[in-house]
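Take a look at the structure set out below.
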Amino acid sequence: MPPRITPLTDPDSSPSSRRLAWLASDAEGAPVGSAFLWLSDRKGQDHRAELEITVHPAERRAGVGGALLDAALAAARGDGRRSLVARVTAGSPGEPFLAAHGFRQVLALTFARLPLPGLDLDAVTGIVERPHPGYELRSWDGVVPPELARTFADSRRAMDDMPMEDSDFGVVVWDVERVVAVAEAVLDRGDALHTMAVVDRSDGSVAGFSELVVPGDGRGDAQHYGTGVLPEHRGHGLGLWMKAESVRAARLRYPELAGLLTDTADSNAHMIGINDTLGYRPTHRELEYRLDLRENGS
């Protein structure tokens, strides 16, 4: 008997995104799987939908995942999306499931962690103290200072050419209002946001940035949100400089913090080199799969 698919009301929404949800249950009404579909309404990313399907191991290969996928596909197509993407852990059952349903692998990400208790602080400090003529480091907690807000928002285009292979990620449009809103959202949930930036001394503009989100209690693992340098300022070692200072500051400021987490596309050799230099250790890989909806009956 096919599973029963029930749409759920999901409160996880914002002015720029929505999340749809479905529950799969068996003939007795017991839950056997679920699906979530994220629909971004942000300019530059309103063409794609992001899918997550979970099926109880005992219920796999019984049509549960396929039924949940059908519901999500109908919703994504009905919303006019052109791409449906899903991310799975490398080597998990999600890989053959997505491939069997027409998805193709478009991106590979390596996740890495830097353990802080054994950090060679002297080596990291040595990287930070290397001279970078024409530039200086600036840092702030939470929301960007008003005098840097405009050029900080402009510096976000440093991520536009980040290697994302064929994931159809789109271009995220940033302005001052959005960078402030993102910072406030992190603070509202009780975490701390620390930004390290490189400023061009010739005009006082932000040339690059590196963000770190730390749990509110200062324990566990912190998460890097992104590191980028504007194309016209590349080639001076600024990415390594910022990230090294971010690591050093985290170690000194949060003595109980266990580690720092990051993830990088396998095709982003430059950032992988920075992480290797600082001592990050790979933990696992995730693969992103994509289904082109307009080529599949949309």
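For the structure tokens, the naming scheme is as follows: chains receive sequential letters (A, B, ...) according to their order of presentation, residues are indexed from 1 within each chain, and ligands are indexed from 1 in presentation order.
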Inset, instruction - Enumerate, as number ranges by chain, the complete set of residues in segment 62-247 of chain A that a backbone-based DSSP assignment places in helix (DSSP H, G or I). - result: A: 64-78, 94-100, 121-128, 146-159, 176-188, 231-233, 238-247
Legend entry - All residues 10 Å or closer to Pro57 of chain A, only C-alpha atoms, same chain fewer than 2 positions away omitted, as an MDAnalysis selection string: chainID A and resid 32:33 54:55 59:61 93
Restrict the selected residues to all heavy atoms and save them as a PDB file, in the first residue's frame.
```
ATOM      1  N   VAL A  32       6.711   7.581   8.629  1.00  0.00           N
ATOM      2  CA  VAL A  32       7.805   6.798   8.052  1.00  0.00           C
ATOM      3  C   VAL A  32       8.796   7.677   7.281  1.00  0.00           C
ATOM      4  O   VAL A  32       9.846   7.193   6.848  1.00  0.00           O
ATOM      5  CB  VAL A  32       7.276   5.681   7.129  1.00  0.00           C
ATOM      6  CG1 VAL A  32       6.512   4.633   7.944  1.00  0.00           C
ATOM      7  CG2 VAL A  32       6.398   6.249   6.022  1.00  0.00           C
ATOM      8  N   GLY A  33       8.464   8.941   7.093  1.00  0.00           N
ATOM      9  CA  GLY A  33       9.373   9.814   6.355  1.00  0.00           C
ATOM     10  C   GLY A  33       8.857  11.235   6.320  1.00  0.00           C
ATOM     11  O   GLY A  33       7.703  11.513   6.684  1.00  0.00           O
ATOM     12  N   THR A  54      13.851  12.665   4.230  1.00  0.00           N
ATOM     13  CA  THR A  54      14.314  11.690   5.218  1.00  0.00           C
ATOM     14  C   THR A  54      13.323  10.540   5.274  1.00  0.00           C
ATOM     15  O   THR A  54      12.113  10.759   5.394  1.00  0.00           O
ATOM     16  CB  THR A  54      14.427  12.330   6.610  1.00  0.00           C
ATOM     17  OG1 THR A  54      15.314  13.459   6.540  1.00  0.00           O
ATOM     18  CG2 THR A  54      14.970  11.331   7.621  1.00  0.00           C
ATOM     19  N   VAL A  55      13.834   9.307   5.174  1.00  0.00           N
ATOM     20  CA  VAL A  55      12.997   8.109   5.250  1.00  0.00           C
ATOM     21  C   VAL A  55      13.583   7.189   6.312  1.00  0.00           C
ATOM     22  O   VAL A  55      14.803   6.985   6.362  1.00  0.00           O
ATOM     23  CB  VAL A  55      12.927   7.380   3.886  1.00  0.00           C
ATOM     24  CG1 VAL A  55      12.107   6.096   4.013  1.00  0.00           C
ATOM     25  CG2 VAL A  55      12.319   8.299   2.823  1.00  0.00           C
ATOM     26  N   GLU A  59      11.997   1.597   6.211  1.00  0.00           N
ATOM     27  CA  GLU A  59      10.963   1.849   5.208  1.00  0.00           C
ATOM     28  C   GLU A  59      11.543   2.180   3.836  1.00  0.00           C
ATOM     29  O   GLU A  59      10.784   2.511   2.920  1.00  0.00           O
ATOM     30  CB  GLU A  59      10.064   3.006   5.672  1.00  0.00           C
ATOM     31  CG  GLU A  59       9.429   2.794   7.037  1.00  0.00           C
ATOM     32  CD  GLU A  59       8.462   1.622   7.061  1.00  0.00           C
ATOM     33  OE1 GLU A  59       7.936   1.262   5.985  1.00  0.00           O
ATOM     34  OE2 GLU A  59       8.238   1.062   8.156  1.00  0.00           O
ATOM     35  N   ARG A  60      12.845   2.110   3.688  1.00  0.00           N
ATOM     36  CA  ARG A  60      13.444   2.440   2.405  1.00  0.00           C
ATOM     37  C   ARG A  60      13.136   1.384   1.353  1.00  0.00           C
ATOM     38  O   ARG A  60      12.858   0.232   1.677  1.00  0.00           O
ATOM     39  CB  ARG A  60      14.967   2.615   2.564  1.00  0.00           C
ATOM     40  CG  ARG A  60      15.324   3.878   3.352  1.00  0.00           C
ATOM     41  CD  ARG A  60      16.811   3.995   3.626  1.00  0.00           C
ATOM     42  NE  ARG A  60      17.082   5.176   4.462  1.00  0.00           N
ATOM     43  CZ  ARG A  60      18.167   5.322   5.210  1.00  0.00           C
ATOM     44  NH1 ARG A  60      19.088   4.372   5.232  1.00  0.00           N
ATOM     45  NH2 ARG A  60      18.330   6.420   5.934  1.00  0.00           N
ATOM     46  N   ARG A  61      13.178   1.808   0.106  1.00  0.00           N
ATOM     47  CA  ARG A  61      12.894   0.953  -1.057  1.00  0.00           C
ATOM     48  C   ARG A  61      11.446   0.459  -1.057  1.00  0.00           C
ATOM     49  O   ARG A  61      11.136  -0.610  -1.597  1.00  0.00           O
ATOM     50  CB  ARG A  61      13.862  -0.234  -1.122  1.00  0.00           C
ATOM     51  CG  ARG A  61      15.317   0.185  -1.254  1.00  0.00           C
ATOM     52  CD  ARG A  61      16.232  -1.026  -1.425  1.00  0.00           C
ATOM     53  NE  ARG A  61      17.617  -0.625  -1.524  1.00  0.00           N
ATOM     54  CZ  ARG A  61      18.226  -0.209  -2.648  1.00  0.00           C
ATOM     55  NH1 ARG A  61      17.532  -0.163  -3.771  1.00  0.00           N
ATOM     56  NH2 ARG A  61      19.492   0.138  -2.636  1.00  0.00           N
ATOM     57  N   PRO A  93      22.740   6.525   1.388  1.00  0.00           N
ATOM     58  CA  PRO A  93      21.699   6.023   0.466  1.00  0.00           C
ATOM     59  C   PRO A  93      21.075   7.114  -0.389  1.00  0.00           C
ATOM     60  O   PRO A  93      20.440   6.819  -1.408  1.00  0.00           O
ATOM     61  CB  PRO A  93      20.664   5.414   1.424  1.00  0.00           C
ATOM     62  CG  PRO A  93      21.421   5.086   2.672  1.00  0.00           C
ATOM     63  CD  PRO A  93      22.447   6.150   2.790  1.00  0.00           C
TER      64      PRO A  93
END
```
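If only C-alpha atoms are the atoms counted, then among A:Met242, A:Val85, A:Leu116, A:Val213 the closest residue to Leu73 of chain A is A:Val85.
Reported to one decimal place, the separation of atom CA of Leu291 of chain A from atom CA of Leu84 of chain A is 5.1 Å.
The closest residue to Ala74 of chain A, picked from A:Ala30, A:Ala49, A:Thr262, A:Ile127 and counting only C-alpha atoms, is A:Ala49.
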Inset, instruction - Excluding Phe111 of chain A and any residue of its chain fewer than 3 positions from it, enumerate the residues within 10 Å of it, using only C-alpha atoms, and give them as a ChimeraX atom specification. - result: /A:108,261-266,280-286
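Non-sequential neighbours of segment 145-149 of chain A (distance at most 8 Å, separation of 6 or more positions within a chain, only C-alpha atoms) are A:Val176, A:Ser205, A:Val206.
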Please produce a file of the residues just selected, as a compact mmCIF listing (two decimals), in the first residue's frame, where the atoms kept are N, CA and C atoms.
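Writing done, so here's part18.txt:
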```txt
# COMPACT_ATOMS: atom_id res chain seq x y z
N VAL A 176 22.92 47.36 2.20
CA VAL A 176 23.14 47.61 3.62
C VAL A 176 22.02 47.02 4.47
N SER A 205 37.81 51.69 2.03
CA SER A 205 36.76 50.74 1.65
C SER A 205 37.12 49.32 2.06
N VAL A 206 36.08 48.49 2.26
CA VAL A 206 36.28 47.09 2.61
C VAL A 206 36.66 46.31 1.36
```
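Between atom CA of Asp141 of chain A and atom CA of Trp38 of chain A the interatomic distance comes to 29.2 Å.
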Inset, instruction - Figure out the distance between atom CA of Val172 of chain A and atom CA of Asp160 of chain A, please, to one decimal in Å. - result: 7.5 Å
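Using only C-alpha atoms, the protein and nucleic acid residues lying no more than 12 Å from Val144 of chain A, apart from those fewer than 6 places from it along its own chain, are Arg138, Arg150, Thr151, Phe152, Ala153, Val176, Glu177, Arg178, Val179, Val180, Ala181, Val182, Ala183, Glu184, Leu193, His194, Thr195, Met196, Ala197, Val206, Phe209 and Glu211 of chain A.
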Requested write-out: N, CA, C and O atoms of the selected residues, as a CSV table (one decimal), in the first residue's frame:
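Result file is part_27.csv:
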```
chain,number,residue,atom,x,y,z
A,138,ARG,N,40.4,45.3,10.1
A,138,ARG,CA,39.4,45.9,10.9
A,138,ARG,C,38.4,44.7,11.4
A,138,ARG,O,38.2,43.8,10.6
A,150,ARG,N,28.3,50.6,3.8
A,150,ARG,CA,28.1,50.6,2.4
A,150,ARG,C,29.2,49.8,1.6
A,150,ARG,O,28.8,48.9,0.8
A,151,THR,N,30.4,50.0,2.0
A,151,THR,CA,31.5,49.2,1.3
A,151,THR,C,31.5,47.8,1.7
A,151,THR,O,31.9,46.9,0.9
A,152,PHE,N,31.1,47.5,2.9
A,152,PHE,CA,31.0,46.1,3.4
A,152,PHE,C,29.9,45.4,2.5
A,152,PHE,O,30.1,44.3,2.1
A,153,ALA,N,28.8,46.0,2.4
A,153,ALA,CA,27.7,45.4,1.5
A,153,ALA,C,28.2,45.2,0.1
A,153,ALA,O,28.0,44.2,-0.6
A,176,VAL,N,22.9,47.4,2.2
A,176,VAL,CA,23.1,47.6,3.6
A,176,VAL,C,22.0,47.0,4.5
A,176,VAL,O,22.3,46.4,5.5
A,177,GLU,N,20.8,47.2,4.0
A,177,GLU,CA,19.7,46.6,4.8
A,177,GLU,C,19.8,45.1,5.0
A,177,GLU,O,19.5,44.6,6.1
A,178,ARG,N,20.2,44.4,4.0
A,178,ARG,CA,20.3,43.0,4.1
A,178,ARG,C,21.5,42.6,5.0
A,178,ARG,O,21.3,41.7,5.9
A,179,VAL,N,22.7,43.2,4.9
A,179,VAL,CA,23.8,42.8,5.8
A,179,VAL,C,23.4,43.1,7.3
A,179,VAL,O,23.8,42.3,8.1
A,180,VAL,N,22.7,44.2,7.5
A,180,VAL,CA,22.2,44.5,8.9
A,180,VAL,C,21.2,43.4,9.3
A,180,VAL,O,21.3,42.9,10.5
A,181,ALA,N,20.3,43.0,8.5
A,181,ALA,CA,19.3,42.1,8.9
A,181,ALA,C,19.9,40.7,9.2
A,181,ALA,O,19.4,40.0,10.1
A,182,VAL,N,20.9,40.3,8.4
A,182,VAL,CA,21.5,39.0,8.6
A,182,VAL,C,22.2,39.0,10.0
A,182,VAL,O,22.1,38.0,10.8
A,183,ALA,N,22.9,40.1,10.3
A,183,ALA,CA,23.6,40.2,11.6
A,183,ALA,C,22.6,40.2,12.7
A,183,ALA,O,22.8,39.5,13.7
A,184,GLU,N,21.5,40.9,12.6
A,184,GLU,CA,20.5,40.9,13.6
A,184,GLU,C,19.9,39.6,13.9
A,184,GLU,O,19.6,39.2,15.0
A,193,LEU,N,28.3,37.1,16.4
A,193,LEU,CA,28.8,37.2,15.0
A,193,LEU,C,30.0,38.1,15.0
A,193,LEU,O,30.0,39.3,15.5
A,194,HIS,N,31.2,37.6,14.6
A,194,HIS,CA,32.4,38.3,14.6
A,194,HIS,C,32.9,38.4,13.1
A,194,HIS,O,33.0,37.4,12.4
A,195,THR,N,33.1,39.6,12.7
A,195,THR,CA,33.6,39.9,11.3
A,195,THR,C,35.0,40.4,11.3
A,195,THR,O,35.3,41.4,12.0
A,196,MET,N,35.9,39.8,10.5
A,196,MET,CA,37.2,40.3,10.3
A,196,MET,C,37.2,40.8,8.8
A,196,MET,O,36.8,40.1,7.9
A,197,ALA,N,37.7,42.1,8.6
A,197,ALA,CA,37.7,42.6,7.3
A,197,ALA,C,39.1,43.2,7.0
A,197,ALA,O,39.8,43.6,7.9
A,206,VAL,N,36.1,48.5,2.3
A,206,VAL,CA,36.3,47.1,2.6
A,206,VAL,C,36.7,46.3,1.4
A,206,VAL,O,35.9,46.3,0.3
A,209,PHE,N,36.3,40.1,3.5
A,209,PHE,CA,35.8,39.9,4.9
A,209,PHE,C,35.8,38.4,5.2
A,209,PHE,O,35.9,37.6,4.3
A,211,GLU,N,33.7,36.0,8.1
A,211,GLU,CA,32.7,36.0,9.2
A,211,GLU,C,32.8,34.7,10.0
A,211,GLU,O,33.0,33.6,9.5
```
Legend entry - Which of segment 157-280 of chain A fall in strand (DSSP E or B), as a ChimeraX atom specification: /A:192-200,205-214,220-229,257-265
Inset, instruction - Would you list the contacts of Ala222 of chain A as number ranges by chain, taking every protein, DNA or RNA residue within 7 Å and counting only C-alpha atoms, but skipping same-chain residues closer than 6 positions in sequence? - result: A: 212-215, 259-261
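Among A:Val88, A:Val173, A:Arg82, A:Leu230, the residue with the shortest atom-to-atom distance to Ser155 of chain A, counting only C-alpha atoms, is A:Leu230.
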Legend entry - Residues near Tyr289 of chain A, cut-off 8 Å, only C-alpha atoms, skip fewer than 2 positions along chain, as JSON, numbers by chain: {"A": [85, 86, 87, 98, 103, 104, 105, 106, 107, 167, 287, 291]}
Using the selection just defined, write its residues with C-alpha atoms as a tab-separated table (two decimals), in the first residue's frame.
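Wrote selection-v4.tsv, looks like this:
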```tsv
chain	number	residue	atom	x	y	z
A	85	VAL	CA	18.68	20.81	-5.55
A	86	ALA	CA	19.36	18.34	-2.75
A	87	ARG	CA	22.47	17.74	-0.67
A	98	LEU	CA	18.70	10.96	-6.34
A	103	PHE	CA	19.23	14.20	-10.48
A	104	ARG	CA	22.85	14.76	-11.47
A	105	GLN	CA	25.76	15.59	-9.18
A	106	VAL	CA	26.79	19.23	-9.62
A	107	LEU	CA	28.88	20.09	-6.55
A	167	SER	CA	24.89	24.06	-8.83
A	287	LEU	CA	27.41	16.14	-2.60
A	291	LEU	CA	17.26	18.33	-11.23
```
